[in-house]
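A.B. asks: I'd like to ask some things about the structure below.
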Amino acid sequence: MGQTTQNLVGERVKEARAAAIPPLTQEGLSKKLSKLGVSIDRAGVAKIETGIRGVLDFELVALAKSLGVKVTWLLGIKEKPDACVLP
């Protein structure tokens with residue numbers, strides 16, 4: 001029986017790393033996360049990208065900041081310009 005994915009962001013993390021100029025390695029992303037106080041080693045980044053490891057909310061925010069993308073993009077959410085914002 002194969003492993004099932006535990007996250008929505010893995011493919012997007014990999015895509016954002018590859019699109020960075022210069023491209024960001026898994027180790028490089030790990031170092032950026034460490035500077036933000038989030039401890040995810042290179043193997044952890046690999047597991048996120050392959051869907052084996054899920055991410056916590058604070059890790060999601062740090063991943064977005066480190067990769068220069070929005071959290072909503074990592075989650076695959078298409079934002080609507082007329083979205084209602086609750087108080």
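Letters for chains follow the order of the structure tokens (A, B, ...), residue numbers begin at 1 for each chain, and ligand numbers begin at 1 in the order shown.
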When DSSP is applied to the backbone of this structure, which of chain A are assigned helix (DSSP H, G or I)? Write them out as a ChimeraX atom specification.

C.D. replies: /A:10-19,26-35,42-50,57-67,71-74

A.B. asks: Hey, what's within 10 Å of Gln26 in chain A if we count only C-alpha atoms and toss same-chain stuff fewer than 2 positions away? As a list in words, please?

C.D. replies: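 So, after excluding close chain neighbours, the residues are Val13, Lys14, Arg17, Ala18, Pro23, Leu24, Gly28, Leu29, Ser30, Lys31, Lys32, Ile40, Asp41, Arg42, Ala43, Gly44, Val45, Ala46 and Glu49 of chain A.
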
A.B. asks: Please dump the current selection as a CSV table (one decimal), in the first residue's frame; keep N, CA and C atoms.

C.D. replies:
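This is the output file again12.csv:
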```
chain,number,residue,atom,x,y,z
A,13,VAL,N,5.5,24.2,-2.8
A,13,VAL,CA,6.9,24.5,-2.2
A,13,VAL,C,7.9,24.2,-3.2
A,14,LYS,N,7.9,23.0,-3.8
A,14,LYS,CA,8.8,22.6,-4.8
A,14,LYS,C,8.9,23.6,-6.0
A,17,ARG,N,10.5,26.9,-5.0
A,17,ARG,CA,11.9,26.8,-4.9
A,17,ARG,C,12.6,26.8,-6.2
A,18,ALA,N,12.0,26.1,-7.2
A,18,ALA,CA,12.6,26.0,-8.5
A,18,ALA,C,12.5,27.3,-9.2
A,23,PRO,N,17.7,29.5,-8.3
A,23,PRO,CA,16.8,28.4,-7.6
A,23,PRO,C,17.3,28.1,-6.2
A,24,LEU,N,16.4,27.8,-5.4
A,24,LEU,CA,16.7,27.6,-3.9
A,24,LEU,C,16.7,26.1,-3.7
A,28,GLY,N,19.0,25.2,1.3
A,28,GLY,CA,18.8,26.7,1.3
A,28,GLY,C,17.5,27.1,2.0
A,29,LEU,N,16.4,26.4,1.6
A,29,LEU,CA,15.1,26.7,2.2
A,29,LEU,C,15.2,26.4,3.7
A,30,SER,N,15.8,25.3,4.1
A,30,SER,CA,15.9,25.0,5.5
A,30,SER,C,16.6,26.1,6.3
A,31,LYS,N,17.7,26.6,5.7
A,31,LYS,CA,18.4,27.7,6.4
A,31,LYS,C,17.6,29.0,6.5
A,32,LYS,N,16.8,29.3,5.5
A,32,LYS,CA,15.9,30.5,5.5
A,32,LYS,C,14.9,30.3,6.6
A,40,ILE,N,13.1,23.1,10.2
A,40,ILE,CA,12.8,22.0,9.3
A,40,ILE,C,14.1,21.7,8.5
A,41,ASP,N,14.6,20.5,8.7
A,41,ASP,CA,15.9,20.2,8.0
A,41,ASP,C,15.6,19.9,6.5
A,42,ARG,N,16.7,19.6,5.8
A,42,ARG,CA,16.6,19.3,4.4
A,42,ARG,C,15.7,18.1,4.1
A,43,ALA,N,15.8,17.1,4.9
A,43,ALA,CA,15.0,15.9,4.8
A,43,ALA,C,13.5,16.2,5.1
A,44,GLY,N,13.3,17.1,6.0
A,44,GLY,CA,11.9,17.5,6.3
A,44,GLY,C,11.3,18.3,5.1
A,45,VAL,N,12.1,19.1,4.5
A,45,VAL,CA,11.6,19.9,3.3
A,45,VAL,C,11.3,18.8,2.2
A,46,ALA,N,12.1,17.8,2.0
A,46,ALA,CA,11.9,16.8,1.0
A,46,ALA,C,10.6,16.1,1.3
A,49,GLU,N,7.6,18.2,0.4
A,49,GLU,CA,7.5,18.3,-1.1
A,49,GLU,C,6.9,17.0,-1.7
```

A.B. asks: I'd like the interatomic distance between CA of Thr50 in chain A and CA of Lys78 in chain A, to a tenth of an Å.

C.D. replies: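 Computing the Euclidean distance for CA of Thr50 in chain A and CA of Lys78 in chain A yields 22.3 Å.
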
A.B. asks: Give me, as a PyMOL selection string, all polymer residues having an atom no more than 12 Å from Leu56 in chain A, counting only C-alpha atoms and skipping those fewer than 6 positions away in the same chain.

C.D. replies: chain A and resi 6-9+38-40+48+62-63

A.B. asks: Taking 3 positions as the minimum chain separation for residues in the same chain, which residues sit within 10 Å of Leu74 in chain A when counting only C-alpha atoms? Answer as a VMD selection string.

C.D. replies: chain A and resid 8 to 13 15 to 16 60 to 61 63 to 64 67 69 to 71 77

A.B. asks: For each of A:Leu75, A:Gly68, A:Ile21, A:Glu59, take the minimum atom-to-atom distance to Gly37 in chain A, counting only C-alpha atoms, then give the residue where this is smallest.

C.D. replies: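 Checking each of A:Leu75, A:Gly68, A:Ile21, A:Glu59 against Gly37 in chain A, counting only C-alpha atoms, the winner is A:Glu59.
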